[in-house]
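protein.txt (compact mmCIF, C-alpha atoms)
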# COMPACT_ATOMS: atom_id res chain seq x y z
CA ALA A 1 14.21 14.13 -55.08
CA LYS A 2 11.60 13.61 -57.75
CA ALA A 3 12.27 14.47 -61.41
CA ALA A 4 9.94 14.67 -64.40
CA GLU A 5 9.52 16.50 -67.69
CA LEU A 6 6.59 18.51 -69.03
CA VAL A 7 6.22 18.21 -72.85
CA LEU A 8 4.19 20.86 -74.73
CA TRP A 9 3.07 19.97 -78.24
CA HIS A 10 1.98 23.01 -80.28
CA SER A 11 1.55 24.32 -83.85
CA ALA A 12 4.42 26.79 -83.77
CA ALA A 13 7.95 26.16 -84.91
CA GLY A 14 10.12 24.16 -82.54
CA SER A 15 7.33 21.92 -81.29
CA PRO A 16 7.46 20.22 -78.89
CA ASP A 17 8.86 22.26 -76.04
CA SER A 18 9.78 20.72 -72.73
CA VAL A 19 10.14 21.90 -69.17
CA SER A 20 12.16 19.93 -66.63
CA LEU A 21 10.44 19.38 -63.28
CA ARG A 22 12.27 18.62 -60.07
CA GLY A 23 10.98 18.53 -56.50
CA THR A 24 11.92 17.28 -53.06
CA ALA A 25 9.28 15.88 -50.72
CA THR A 26 9.63 16.39 -46.95
CA THR A 27 7.92 14.26 -44.35
CA PRO A 28 7.95 14.19 -40.54
CA GLN A 29 8.68 11.00 -38.63
CA MET A 30 7.71 10.01 -35.11
CA ARG A 31 10.13 8.09 -32.89
CA LEU A 32 9.55 7.41 -29.18
CA SER A 33 12.23 6.41 -26.67
CA ALA A 34 9.93 3.77 -25.13
CA ASP A 35 6.65 2.04 -25.84
CA SER A 36 5.92 1.53 -22.14
CA LEU A 37 6.69 3.22 -18.82
CA ASP A 38 6.71 1.18 -15.61
CA PHE A 39 6.61 3.24 -12.40
CA SER A 40 6.82 0.14 -10.18
CA ASP A 41 5.94 0.81 -6.51
CA VAL A 42 5.03 4.37 -5.53
CA GLU A 43 3.79 5.50 -2.12
CA ILE A 44 0.22 6.79 -2.15
CA ASP A 45 -0.20 10.58 -2.19
CA SER A 46 3.29 11.04 -3.65
CA ILE A 47 4.34 11.72 -7.26
CA ALA A 48 6.78 9.73 -9.39
CA PRO A 49 7.88 11.27 -12.73
CA ARG A 50 9.25 9.48 -15.81
CA SER A 51 10.56 11.03 -19.02
CA LEU A 52 9.69 10.09 -22.59
CA THR A 53 11.72 11.41 -25.53
CA VAL A 54 9.94 12.31 -28.77
CA SER A 55 12.32 12.47 -31.76
CA ASN A 56 11.80 13.53 -35.36
CA PRO A 57 14.35 11.94 -37.72
CA GLY A 58 12.26 13.13 -40.66
CA THR A 59 12.68 16.10 -42.98
CA ALA A 60 9.62 18.17 -42.00
CA PRO A 61 8.35 19.52 -38.67
CA LEU A 62 6.57 16.99 -36.48
CA LYS A 63 3.40 18.34 -34.93
CA VAL A 64 2.01 16.45 -31.94
CA ASP A 65 -1.55 17.71 -31.70
CA SER A 66 -2.45 15.97 -28.44
CA ILE A 67 -1.08 13.63 -25.78
CA THR A 68 -3.84 12.27 -23.60
CA VAL A 69 -3.99 9.65 -20.85
CA VAL A 70 -6.58 6.94 -21.43
CA GLY A 71 -7.49 3.72 -19.68
CA ALA A 72 -8.84 2.39 -16.42
CA ALA A 73 -6.50 4.37 -14.15
CA ALA A 74 -6.12 7.48 -16.28
CA GLY A 75 -6.89 9.73 -13.31
CA GLU A 76 -3.73 8.64 -11.50
CA PHE A 77 -1.38 9.58 -14.36
CA SER A 78 -0.66 12.98 -15.88
CA VAL A 79 1.39 14.22 -18.84
CA SER A 80 3.14 17.49 -19.66
CA PRO A 81 3.25 19.04 -22.19
CA GLU A 82 0.17 17.86 -24.03
CA THR A 83 1.23 19.26 -27.44
CA LEU A 84 4.61 19.49 -29.18
CA SER A 85 6.26 20.81 -32.31
CA VAL A 86 9.55 19.09 -33.05
CA ALA A 87 11.79 20.37 -35.84
CA ALA A 88 13.31 17.94 -38.33
CA GLY A 89 16.30 16.22 -36.76
CA ASP A 90 15.39 17.43 -33.28
CA SER A 91 13.81 15.91 -30.15
CA ASP A 92 11.81 16.99 -27.12
CA THR A 93 10.94 15.56 -23.70
CA VAL A 94 7.53 14.65 -22.34
CA TRP A 95 7.10 14.08 -18.59
CA VAL A 96 4.63 11.51 -17.33
CA SER A 97 3.78 11.36 -13.61
CA PHE A 98 2.14 8.65 -11.51
CA ALA A 99 0.36 9.80 -8.35
CA PRO A 100 -1.49 6.84 -6.79
CA THR A 101 -4.38 7.68 -4.52
CA ASP A 102 -4.91 4.22 -3.04
CA THR A 103 -3.49 0.73 -2.82
CA GLY A 104 -5.11 -2.35 -4.30
CA GLY A 105 -2.99 -3.68 -7.14
CA GLU A 106 -1.43 -2.32 -10.27
CA ARG A 107 -2.74 0.73 -12.11
CA ILE A 108 -2.89 0.49 -15.90
CA ALA A 109 -3.32 3.32 -18.42
CA ALA A 110 -1.83 4.50 -21.72
CA LEU A 111 -0.75 7.60 -23.59
CA ALA A 112 -2.55 8.27 -26.88
CA ILE A 113 -0.34 10.48 -29.07
CA GLN A 114 -1.92 12.15 -32.12
CA HIS A 115 0.53 13.60 -34.67
CA ASN A 116 1.05 14.45 -38.35
CA ALA A 117 3.47 11.63 -39.17
CA ALA A 118 2.68 8.21 -40.56
CA GLY A 119 1.28 5.71 -38.06
CA SER A 120 -0.67 8.18 -35.95
CA PRO A 121 -1.82 7.71 -33.25
CA ASP A 122 1.01 6.16 -31.26
CA SER A 123 0.50 4.55 -27.86
CA VAL A 124 2.68 4.20 -24.75
CA SER A 125 1.47 1.83 -22.03
CA LEU A 126 1.66 2.98 -18.39
CA ARG A 127 1.86 0.83 -15.26
CA GLY A 128 2.29 1.59 -11.57
CA VAL A 129 1.44 0.19 -8.14
CA GLY A 130 0.27 2.28 -5.19
CA ILE A 131 1.76 1.17 -1.89
CA THR A 132 1.83 2.27 1.72
CA ILE A 133 5.08 2.70 3.66
CA ALA A 134 5.47 2.41 7.41
CA GLU A 135 7.87 4.74 9.23
CA ILE A 136 9.18 4.57 12.78
CA LEU A 137 9.95 7.38 15.20
CA VAL A 138 11.42 6.46 18.58
CA SER A 139 11.29 9.25 21.17
CA ASN A 140 14.58 8.33 22.89
CA ASP A 141 17.79 6.70 21.74
CA SER A 142 18.91 6.10 25.34
CA LEU A 143 17.53 5.66 28.86
CA ARG A 144 19.51 6.19 32.08
CA PHE A 145 18.67 4.81 35.54
CA LEU A 146 20.66 6.45 38.35
CA ASP A 147 21.31 5.27 41.92
CA THR A 148 18.88 2.38 42.09
CA VAL A 149 19.13 0.25 45.23
CA VAL A 150 19.97 -3.39 44.64
CA GLY A 151 16.76 -5.39 44.97
CA ASP A 152 14.59 -2.40 44.10
CA SER A 153 13.47 -1.37 40.63
CA ALA A 154 13.23 1.79 38.55
CA ARG A 155 11.06 2.43 35.49
CA ASP A 156 11.32 4.71 32.51
CA THR A 157 9.47 4.89 29.22
CA PHE A 158 9.85 5.87 25.60
CA THR A 159 7.30 6.12 22.81
CA VAL A 160 7.13 4.68 19.32
CA SER A 161 5.10 6.45 16.64
CA ASN A 162 4.34 5.92 12.97
CA PRO A 163 4.34 9.03 10.75
CA GLY A 164 4.13 6.86 7.62
CA THR A 165 1.22 5.72 5.47
CA GLY A 166 1.36 1.98 6.19
CA ARG A 167 0.91 -0.01 9.41
CA LEU A 168 4.06 -0.21 11.53
CA ARG A 169 4.73 -3.65 12.95
CA VAL A 170 7.40 -4.02 15.61
CA SER A 171 7.79 -7.77 15.61
CA ALA A 172 10.20 -7.92 18.56
CA ILE A 173 11.87 -5.72 21.15
CA ARG A 174 14.94 -7.65 22.26
CA LEU A 175 17.32 -7.02 25.13
CA GLY A 176 21.02 -7.38 24.46
CA GLY A 177 24.39 -5.98 25.46
CA ALA A 178 26.53 -6.63 28.52
CA ALA A 179 23.79 -6.88 31.19
CA PRO A 180 20.42 -7.67 29.58
CA SER A 181 19.26 -9.69 32.61
CA GLN A 182 19.16 -6.48 34.68
CA TYR A 183 16.26 -5.08 32.61
CA TRP A 184 12.71 -5.94 31.64
CA VAL A 185 10.76 -4.50 28.71
CA SER A 186 7.02 -4.39 28.09
CA PRO A 187 5.42 -4.79 25.65
CA ASP A 188 7.81 -6.64 23.37
CA THR A 189 5.74 -6.26 20.17
CA LEU A 190 3.77 -3.33 18.70
CA SER A 191 1.35 -2.67 15.86
CA ILE A 192 0.67 1.00 15.09
CA ALA A 193 -1.66 2.28 12.39
CA PRO A 194 -0.62 5.35 10.36
CA GLY A 195 -1.57 8.51 12.23
CA ALA A 196 -2.43 6.65 15.43
CA PRO A 197 -1.23 7.94 18.82
CA PRO A 198 2.25 6.78 19.87
CA ASP A 199 2.58 3.54 21.80
CA THR A 200 4.48 3.55 25.10
CA VAL A 201 7.21 1.04 25.93
CA THR A 202 8.19 0.62 29.57
CA VAL A 203 11.71 -0.43 30.60
CA THR A 204 12.33 -1.60 34.17
CA PHE A 205 15.80 -1.66 35.74
CA VAL A 206 16.09 -4.46 38.35
CA PRO A 207 19.71 -4.59 39.50
CA THR A 208 20.84 -7.71 41.29
CA SER A 209 24.30 -6.37 42.18
CA ALA A 210 26.04 -3.04 42.56
CA GLY A 211 27.78 -1.23 39.72
CA LEU A 212 27.18 0.07 36.20
CA LYS A 213 24.84 -2.10 34.12
CA LEU A 214 24.84 -1.53 30.35
CA ALA A 215 22.40 -3.05 27.88
CA ALA A 216 20.51 -2.17 24.71
CA LEU A 217 17.12 -2.65 23.10
CA ALA A 218 16.79 -3.70 19.47
CA LEU A 219 13.41 -2.93 17.90
CA GLU A 220 12.82 -5.15 14.86
CA HIS A 221 10.21 -3.68 12.51
CA ASN A 222 8.93 -3.43 8.95
CA ALA A 223 10.06 0.16 8.34
CA ALA A 224 13.38 1.23 6.87
CA ARG A 225 16.66 0.80 8.77
CA SER A 226 15.49 -1.98 11.06
CA PRO A 227 16.40 -2.65 13.81
CA SER A 228 16.19 0.61 15.78
CA ALA A 229 18.28 0.80 18.95
CA VAL A 230 17.81 2.28 22.42
CA SER A 231 20.82 2.10 24.75
CA LEU A 232 20.27 1.41 28.48
CA SER A 233 22.49 2.52 31.33
CA GLY A 234 21.81 1.86 35.00
CA THR A 235 23.79 2.37 38.22
CA ALA A 236 23.09 0.38 41.36
Rewritten as structure tokens:
Amino acid sequence: AKAAELVLWHSAAGSPDSVSLRGTATTPQMRLSADSLDFSDVEIDSIAPRSLTVSNPGTAPLKVDSITVVGAAAGEFSVSPETLSVAAGDSDTVWVSFAPTDTGGERIAALAIQHNAAGSPDSVSLRGVGITIAEILVSNDSLRFLDTVVGDSARDTFTVSNPGTGRLRVSAIRLGGAAPSQYWVSPDTLSIAPGAPPDTVTVTFVPTSAGLKLAALALEHNAARSPSAVSLSGTA
């Protein structure tokens, strides 16, 4: 509160007269929950949101006239809403999204926030990295070879495809289980570009004795949940 007194000197009786003055000034204040937002790694052509809280601990309404994205990679970030009015003692949320369109290193930008409080404009730095992610889709989780004569062979196939956005690398296809020596696999490595046709893997059953022969393939790769497994069952 501000207090003062107005003194009026005059020629009438009772001079001077006085009038007490009292007033309270109100001011908005700007407070941000962060001065930077790091989106880390985000797959290209996807969207990653982050929230930013705008608070007003002041005594008058805070008016945010504009929130704009500036900087070298401004086109890969977006903000909503772009204007705000925050009552004294209240807060509101701003959403910032990163949608990378390509790989090639980190993307840098910033929010420029124009408002009616002291210190305008405020700035929030933005950082993100666009990445590609390989995915693996195996057509079969098991192969069965029935009634194969000892000394003969039987073949079956399955396919491996990549519905992801990064190159799929199958570094090894290994035979394991109880009877791995009764099977062959070809090829034993794969490299599949995103959107490319599936690759075919051939498994050959070559029994050397009669009976049930169980084995398994383990596909080691750079996608999630490696290794992938295909069980093998053959009867000779």
Find the spatial neighbours of Leu212 of chain A, counting all atoms listed in the file, within a cut-off of 9 Å - ignore same-chain residues fewer than 3 positions away - and output them as a PDB file with C-alpha atoms, keeping the file's coordinate frame.
ATOM      1  CA  SER A 233      22.490   2.520  31.330  1.00  0.00           C
ATOM      2  CA  GLY A 234      21.810   1.860  35.000  1.00  0.00           C
ATOM      3  CA  THR A 235      23.790   2.370  38.220  1.00  0.00           C
ATOM      4  CA  ALA A 236      23.090   0.380  41.360  1.00  0.00           C
TER       5      ALA A 236
END
Quick one: of A:Ala25, A:Val129, A:Leu190, A:Ile173, who's nearest to Val203 of chain A, counting all atoms listed in the file? A:Ile173
Mind pulling up the distance from atom CA of Ala73 of chain A to atom CA of Thr132 of chain A?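 Answer for the atom CA of Thr132 of chain A to atom CA of Ala73 of chain A separation: 18.0 Å.
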Looking at all atoms listed in the file, which of A:Asp152, A:Asp147, A:Asp141, A:Glu106 is the one that sits closest to Leu217 of chain A? A:Asp141
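Among the candidates A:Ala72, A:Ala154, A:Ala218, A:Ile133, the one nearest to Ala110 of chain A when counting all atoms listed in the file is A:Ala72.
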Option closest in space to Ile67 of chain A, from A:Ile47, A:Ala3, A:Ile113, A:Leu219 [counting all atoms listed in the file]: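 Among the listed residues, A:Ile113 lies closest to Ile67 of chain A.
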Would you compute the distance between atom CA of Glu76 of chain A and atom CA of Arg107 of chain A? Give it in Å to one decimal.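 One can read the atom CA of Glu76 of chain A to atom CA of Arg107 of chain A distance as 8.0 Å.
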Name all residues at most 8 Å from Met30 of chain A (count only C-alpha atoms; drop same-chain ones fewer than 5 positions away) and give them as a PyMOL selection string. chain A and resi 54-58+62+117-118
Would you please work out which residue, of A:Ala224, A:Leu143, A:Val94, A:Val185, is nearest to Leu111 of chain A when using all atoms listed in the file?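 Closest to Leu111 of chain A of all the choices is A:Val94.
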Nearest to Ser51 of chain A by atom-to-atom distance, counting only C-alpha atoms, from A:Ser226, A:Ser139, A:Ser125, A:Thr93: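 Checking each candidate against Ser51 of chain A, we get A:Thr93 as the closest.
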Quick one: residues within 8 Å of (9.5, 18.8, -35.1) (file frame), counting all atoms listed in the file, please, as number ranges by chain. A: 28, 55-56, 60-63, 84-91
Could you give me, as a list in words, the residues within 12 Å of Ser36 of chain A, counting only C-alpha atoms and dropping anything in the same chain fewer than 6 positions from it?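 Selected residues are Arg50, Ser51, Leu52, Thr53, Val96, Ile108, Ala109, Ala110, Leu111, Ala112, Asp122, Ser123, Val124, Ser125, Leu126, Arg127 and Gly128 of chain A.
Atom to atom, atom CA of Arg225 of chain A and atom CA of Leu37 of chain A stand 29.4 Å apart.
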How close does segment 16-126 of chain A get to segment 155-164 of chain A? List, as a Markdown table, each residue of segment 16-126 of chain A within 12 Å, its nearest atom pair and the distance in Å to one decimal, counting only C-alpha atoms.
| residue | atom | partner | partner_atom | distance |
| --- | --- | --- | --- | --- |
| A:Glu43 | CA | A:Gly164 | CA | 9.8 |
| A:Ile44 | CA | A:Gly164 | CA | 10.5 |
| A:Asp45 | CA | A:Gly164 | CA | 11.4 |
Would you mind exporting C-alpha atoms of the selected residues as a compact mmCIF listing (two decimals), in the coordinates of the input?
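again.txt, freshly written:
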# COMPACT_ATOMS: atom_id res chain seq x y z
CA GLU A 43 3.79 5.50 -2.12
CA ILE A 44 0.22 6.79 -2.15
CA ASP A 45 -0.20 10.58 -2.19
Close residues, segment 21-23 of chain A itself excluded, 9 Å, all atoms listed in the file, min 2 positions apart in chain, as an MDAnalysis selection string: chainID A and resid 1:6 19 25
